[in-house]
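Here the structure is laid out as structure tokens; the discussion comes afterwards.
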Amino acid sequence: MSTHAEALLQGATVASLRRGRGLLRTAGALVGGLGLAGLAAGGAALAWGSIERTMPVLRRYDVPVRAHVPEVTILQIADLHLFPGQEFLLRFLSDVAASERFDMVVATGDNFGSVDALDMVMEAYRPFLSYPGAFVLGSNDYYSPTHKRWSRYLSRSKPRPARVVPDLPYLPMVRQMCQAGWLDLSNASGTLHLPTGTVSLLGTDDAHIHRDRLGAPASSWATPDALRLGVTHAPYTRVVSALTSTGSDLILAGHTHGGQIGIPGVGAIITNCDISRSYAKGLKRWKAPDGAEAWLHVSAGLGTSPYAKVRIATRPEASLLHVHPA
């Protein structure tokens with residue numbers, strides 16, 4: 001190769017190296033910029049989520065069921081997860097009790113966010129205990145919340161060993177609710193006689209910790225003009241389908257927090273159970289494998305874990321469901 005050609009090749013090689021280094025610097029700057037932008041967006045979302053969790057709202061639903069059922073307005077309270085610093089939820093519920101009209105209250109579990117929250121829990125329910133009511137329990141009525149990495153929550157990683165000794169004061173809560181006349185529907189059934197008619201209720205304990213056992217309905221379940229109401233904490237499909245096949249007109253559940261972190265225009269990322277994301281919150285029809293159908297309302301609930309104090313595109317909520325003949 002001539003000296004001239006070698007010089008040209010050497011110059012081209014140097015130029016190529018310079019261009020390559022320039023491209024790498026540009027790519028690095030772009031990736032770095034995107035990374036910084038992503039971090040900034042994530043930080044902004046978390047900052048907003050810490051605000052959004054303090055903005056509870058009352059949802060309203062119209063629920064037409066079969067003919068000849070009583071007209072009933074139900075207030076559903078779900079997933080309080082109370083711990084110090086959540087007095088805004090107590091004020092919200094007090095305002096609901098003072099300003100809204102309803103016939104009965106159903107609490108679908110997970111009331112505790114701390115072992116010291118019994119007084120807060122009872123303060124939250126005190127305005128409602130004079131109403132006819134019913135309740136089921138969730139895992140965070142038995143066991144206090146534990147710290148989890150978000151990656152464990154978002155993935156299907158191996159679950160932690162199950163706890164078997166409750167450390168939350170659920171028994172005093174249950175006792176006070178029952179003393180007020182509320183029905184404990186944890187794997188049980190019961191009947192409420194309202195001025196507008198009969199409500200027959202059938203419930204289960206929390207399927208998320210495998211405590212669910214669906215028993216026989218109360219005799220009122222067979223009354224032609226009774227409203228048949230299924231109640232559970234976590235809307236696992238086995239429970240929802242069993243309650244549907246048993247003849248529920250409406251099923252109430254919570255647990256999902258509506259996904260807790262949603263994507264605007266997309267919805268929930270996860271449900272923390274085996275029900276699909278389209279059922280993460282709200283009122284929808286459910287069809288069981290045997291063809292039976294019922295209304296299913298999954299509340300996004302009011303609280304959060306003390307270790308994940310954010311809600312994004314999923315405001316905390318209580319719900320008023322106006323049930324009436326179709």
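Here's how to read the names in the structure tokens: chain A, B, ... by the order shown, residue numbers from 1 in each chain, ligand numbers from 1 in the order shown.
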Set the distance at 9 Å and use only C-alpha atoms: which residues neighbour Pro56 of chain A once local chain neighbours fewer than 3 positions away are removed? I'd like the list as a PDB file with N, CA and C atoms, in the first residue's frame.
```pdb
ATOM      1  N   GLU A  52     -52.805  12.446  46.342  1.00  0.00           N
ATOM      2  CA  GLU A  52     -54.068  11.837  45.903  1.00  0.00           C
ATOM      3  C   GLU A  52     -54.651  10.899  46.963  1.00  0.00           C
ATOM      4  N   ARG A  53     -53.813  10.244  47.721  1.00  0.00           N
ATOM      5  CA  ARG A  53     -54.309   9.317  48.749  1.00  0.00           C
ATOM      6  C   ARG A  53     -55.076  10.053  49.843  1.00  0.00           C
ATOM      7  N   PHE A  88     -57.715  12.358  58.147  1.00  0.00           N
ATOM      8  CA  PHE A  88     -58.518  12.854  57.029  1.00  0.00           C
ATOM      9  C   PHE A  88     -59.580  11.849  56.622  1.00  0.00           C
ATOM     10  N   LEU A  89     -59.318  10.551  56.778  1.00  0.00           N
ATOM     11  CA  LEU A  89     -60.322   9.540  56.467  1.00  0.00           C
ATOM     12  C   LEU A  89     -61.454   9.556  57.494  1.00  0.00           C
ATOM     13  N   PHE A  92     -63.641  12.476  56.591  1.00  0.00           N
ATOM     14  CA  PHE A  92     -64.420  12.155  55.393  1.00  0.00           C
ATOM     15  C   PHE A  92     -65.627  11.290  55.747  1.00  0.00           C
ATOM     16  N   LEU A 302     -60.366   2.898  50.816  1.00  0.00           N
ATOM     17  CA  LEU A 302     -59.991   4.213  51.317  1.00  0.00           C
ATOM     18  C   LEU A 302     -58.526   4.361  51.710  1.00  0.00           C
ATOM     19  N   ARG A 315     -58.230   7.302  43.211  1.00  0.00           N
ATOM     20  CA  ARG A 315     -58.535   8.017  44.451  1.00  0.00           C
ATOM     21  C   ARG A 315     -59.170   7.092  45.488  1.00  0.00           C
ATOM     22  N   PRO A 316     -58.917   7.355  46.754  1.00  0.00           N
ATOM     23  CA  PRO A 316     -59.605   6.593  47.799  1.00  0.00           C
ATOM     24  C   PRO A 316     -61.105   6.847  47.718  1.00  0.00           C
ATOM     25  N   GLU A 317     -61.900   5.817  48.046  1.00  0.00           N
ATOM     26  CA  GLU A 317     -63.332   5.957  47.838  1.00  0.00           C
ATOM     27  C   GLU A 317     -64.158   5.121  48.810  1.00  0.00           C
ATOM     28  N   ALA A 318     -65.347   5.625  49.104  1.00  0.00           N
ATOM     29  CA  ALA A 318     -66.450   4.843  49.631  1.00  0.00           C
ATOM     30  C   ALA A 318     -67.528   4.867  48.556  1.00  0.00           C
TER      31      ALA A 318
END
```
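Using only C-alpha atoms, the contacts of His193 of chain A at a cut-off of 10 Å, with sequence neighbours closer than 4 positions omitted, comprise Pro132, Gly197, Thr198, Val199, Ser200 and Ala226 of chain A.
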Practice task
Determine the nearest neighbour of Asp274 of chain A from the options A:Leu214, A:Ala326, A:Ala207, A:Thr304, counting only C-alpha atoms.
Solution key: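 Of all the options, A:Ala207 lies closest to Asp274 of chain A.
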What's the 9 Å shell around Asp212 of chain A, counting only C-alpha atoms, without same-chain residues fewer than 4 positions away, as a tab-separated table (two decimals) with N, CA and C atoms, in the first residue's frame?
```tsv
chain	number	residue	atom	x	y	z
A	186	SER	N	-68.41	-13.45	58.10
A	186	SER	CA	-67.20	-14.22	57.79
A	186	SER	C	-67.55	-15.70	57.80
A	187	ASN	N	-67.72	-16.28	56.60
A	187	ASN	CA	-68.18	-17.66	56.43
A	187	ASN	C	-69.52	-17.88	57.11
A	203	GLY	N	-71.82	-14.46	53.21
A	203	GLY	CA	-70.45	-13.96	53.11
A	203	GLY	C	-69.40	-15.02	53.32
A	204	THR	N	-68.15	-14.63	53.05
A	204	THR	CA	-67.01	-15.50	53.32
A	204	THR	C	-65.92	-14.69	54.04
A	205	ASP	N	-65.05	-15.41	54.70
A	205	ASP	CA	-63.83	-14.82	55.24
A	205	ASP	C	-62.86	-14.60	54.07
A	206	ASP	N	-61.66	-14.13	54.36
A	206	ASP	CA	-60.76	-13.63	53.32
A	206	ASP	C	-60.12	-14.76	52.51
A	207	ALA	N	-60.44	-14.78	51.22
A	207	ALA	CA	-59.85	-15.78	50.32
A	207	ALA	C	-58.37	-15.54	50.10
A	208	HIS	N	-57.90	-14.33	50.32
A	208	HIS	CA	-56.48	-14.03	50.08
A	208	HIS	C	-55.57	-14.81	51.02
A	232	THR	N	-67.76	-10.37	50.43
A	232	THR	CA	-66.45	-10.98	50.65
A	232	THR	C	-65.40	-9.87	50.64
A	239	VAL	N	-64.58	-17.45	44.69
A	239	VAL	CA	-65.58	-16.95	45.62
A	239	VAL	C	-66.67	-16.20	44.88
```
Handout entry: Selection near Asp103 of chain A, 8 Å with only C-alpha atoms, sequence-local residues under 6 positions removed, as a PyMOL selection string
Key = chain A and resi 72-75+131-132+194
Those same residues - N, CA, C and O atoms - I'd like them written as a short mmCIF file (atom, residue, chain, number, x, y, z; two decimals), in the first residue's frame.
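The result, written out as again.cif:
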```cif
data_model
loop_
_atom_site.label_atom_id
_atom_site.label_comp_id
_atom_site.auth_asym_id
_atom_site.auth_seq_id
_atom_site.Cartn_x
_atom_site.Cartn_y
_atom_site.Cartn_z
N VAL A 72 -83.09 -0.35 48.09
CA VAL A 72 -82.15 -0.20 49.21
C VAL A 72 -80.94 0.58 48.74
O VAL A 72 -80.40 0.32 47.66
N THR A 73 -80.50 1.52 49.55
CA THR A 73 -79.24 2.22 49.30
C THR A 73 -78.21 1.73 50.31
O THR A 73 -78.42 1.82 51.52
N ILE A 74 -77.10 1.18 49.79
CA ILE A 74 -76.06 0.56 50.62
C ILE A 74 -74.81 1.44 50.60
O ILE A 74 -74.34 1.83 49.52
N LEU A 75 -74.29 1.72 51.76
CA LEU A 75 -72.98 2.37 51.86
C LEU A 75 -71.94 1.29 52.08
O LEU A 75 -72.01 0.54 53.06
N TYR A 131 -76.96 2.30 62.21
CA TYR A 131 -77.62 1.79 61.01
C TYR A 131 -77.56 0.26 61.00
O TYR A 131 -76.65 -0.35 61.58
N PRO A 132 -78.51 -0.39 60.31
CA PRO A 132 -78.32 -1.82 60.04
C PRO A 132 -77.02 -2.02 59.28
O PRO A 132 -76.68 -1.22 58.40
N LEU A 194 -85.27 -4.40 56.73
CA LEU A 194 -85.29 -2.95 56.57
C LEU A 194 -86.72 -2.47 56.37
O LEU A 194 -87.61 -3.27 56.02
#
```
Mind listing the alpha helix (DSSP H) residues of segment 162-192 of chain A, per DSSP on the backbone, as a JSON list (two decimals) with C-alpha atoms, in the first residue's frame?
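As a result, result_0.json now contains:
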```json
[["chain", "number", "residue", "atom", "x", "y", "z"],
["A", 170, "TYR", "CA", -59.84, -7.70, 65.56],
["A", 171, "LEU", "CA", -61.81, -9.42, 68.32],
["A", 172, "PRO", "CA", -62.69, -6.17, 70.18],
["A", 173, "MET", "CA", -63.70, -4.64, 66.84],
["A", 174, "VAL", "CA", -65.91, -7.62, 66.00],
["A", 175, "ARG", "CA", -67.43, -7.58, 69.47],
["A", 176, "GLN", "CA", -68.35, -3.89, 69.27],
["A", 177, "MET", "CA", -69.82, -4.25, 65.78],
["A", 178, "CYS", "CA", -71.89, -7.25, 66.81],
["A", 179, "GLN", "CA", -73.07, -5.47, 69.95]]
```
Exercise for the section: Would you mind listing what lies within 8 Å of segment 279-283 of chain A as a ChimeraX atom specification, with only C-alpha atoms counted and same-chain residues fewer than 5 positions away left out? Expected result: /A:61,256-259,268,270-271,295-300
Can you write out the residues you just picked, keeping C-alpha atoms, as a PDB file, in the first residue's frame?
```pdb
ATOM      1  CA  TYR A  61     -73.909   3.579  41.520  1.00  0.00           C
ATOM      2  CA  THR A 256     -57.714  -4.560  45.201  1.00  0.00           C
ATOM      3  CA  HIS A 257     -57.345  -0.847  46.086  1.00  0.00           C
ATOM      4  CA  GLY A 258     -58.389  -0.373  42.466  1.00  0.00           C
ATOM      5  CA  GLY A 259     -54.813  -1.346  41.629  1.00  0.00           C
ATOM      6  CA  ALA A 268     -55.018  -0.808  37.128  1.00  0.00           C
ATOM      7  CA  ILE A 270     -52.544  -5.404  39.063  1.00  0.00           C
ATOM      8  CA  THR A 271     -55.420  -6.607  41.282  1.00  0.00           C
ATOM      9  CA  TRP A 295     -73.654  -7.622  39.725  1.00  0.00           C
ATOM     10  CA  LEU A 296     -70.162  -7.333  41.222  1.00  0.00           C
ATOM     11  CA  HIS A 297     -68.971  -4.153  42.883  1.00  0.00           C
ATOM     12  CA  VAL A 298     -65.289  -3.989  43.828  1.00  0.00           C
ATOM     13  CA  SER A 299     -64.434  -0.943  45.905  1.00  0.00           C
ATOM     14  CA  ALA A 300     -61.058   0.728  45.452  1.00  0.00           C
TER      15      ALA A 300
END
```
Exercise for the section: Do a neighbour search on Pro217 of chain A at 8 Å with only C-alpha atoms, toss out local chain neighbours closer than 3 positions, and write the hits as a list in words. Expected result: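 Answer for this query is Ala188, Ser189, Gly190, Leu201, Leu202, Ser220 and Trp221 of chain A.
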Suppose we keep N, CA, C and O atoms; can you now write the selection as an mmCIF file, in the first residue's frame?
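Final output, again14.cif:
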```cif
data_model
loop_
_atom_site.group_PDB
_atom_site.id
_atom_site.type_symbol
_atom_site.label_atom_id
_atom_site.label_comp_id
_atom_site.auth_asym_id
_atom_site.auth_seq_id
_atom_site.Cartn_x
_atom_site.Cartn_y
_atom_site.Cartn_z
ATOM 1 N N ALA A 188 -70.416 -16.915 56.945
ATOM 2 C CA ALA A 188 -71.707 -16.975 57.628
ATOM 3 C C ALA A 188 -72.771 -16.281 56.783
ATOM 4 O O ALA A 188 -72.485 -15.624 55.773
ATOM 5 N N SER A 189 -74.010 -16.424 57.214
ATOM 6 C CA SER A 189 -75.139 -15.795 56.540
ATOM 7 C C SER A 189 -75.998 -15.090 57.575
ATOM 8 O O SER A 189 -75.824 -15.271 58.789
ATOM 9 N N GLY A 190 -76.936 -14.282 57.108
ATOM 10 C CA GLY A 190 -77.812 -13.572 58.022
ATOM 11 C C GLY A 190 -78.868 -12.797 57.257
ATOM 12 O O GLY A 190 -78.891 -12.782 56.015
ATOM 13 N N LEU A 201 -78.197 -12.017 53.387
ATOM 14 C CA LEU A 201 -76.763 -11.833 53.145
ATOM 15 C C LEU A 201 -76.012 -13.148 53.323
ATOM 16 O O LEU A 201 -76.323 -13.948 54.224
ATOM 17 N N LEU A 202 -75.012 -13.344 52.466
ATOM 18 C CA LEU A 202 -74.153 -14.529 52.514
ATOM 19 C C LEU A 202 -72.718 -14.084 52.294
ATOM 20 O O LEU A 202 -72.426 -13.378 51.318
ATOM 21 N N SER A 220 -83.987 -16.919 54.577
ATOM 22 C CA SER A 220 -84.545 -15.758 53.871
ATOM 23 C C SER A 220 -84.048 -15.663 52.432
ATOM 24 O O SER A 220 -84.643 -14.938 51.615
ATOM 25 N N TRP A 221 -82.956 -16.362 52.110
ATOM 26 C CA TRP A 221 -82.402 -16.341 50.753
ATOM 27 C C TRP A 221 -83.428 -16.827 49.727
ATOM 28 O O TRP A 221 -83.436 -16.386 48.579
#
```
Practice task
Could you give me, as a ChimeraX atom specification, each residue of segment 166-265 of chain A that DSSP assigns to strand (DSSP E or B) when run on this structure's backbone?
Solution key: /A:183-184,189-194,197-203,227-231,250-253,261-263
Problem - Closest of A:Thr223, A:Ser99, A:Thr237, A:Asn140 to Gly113 of chain A - atom-to-atom distances counting only C-alpha atoms - result: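 For Gly113 of chain A, the nearest of the candidates is A:Asn140.
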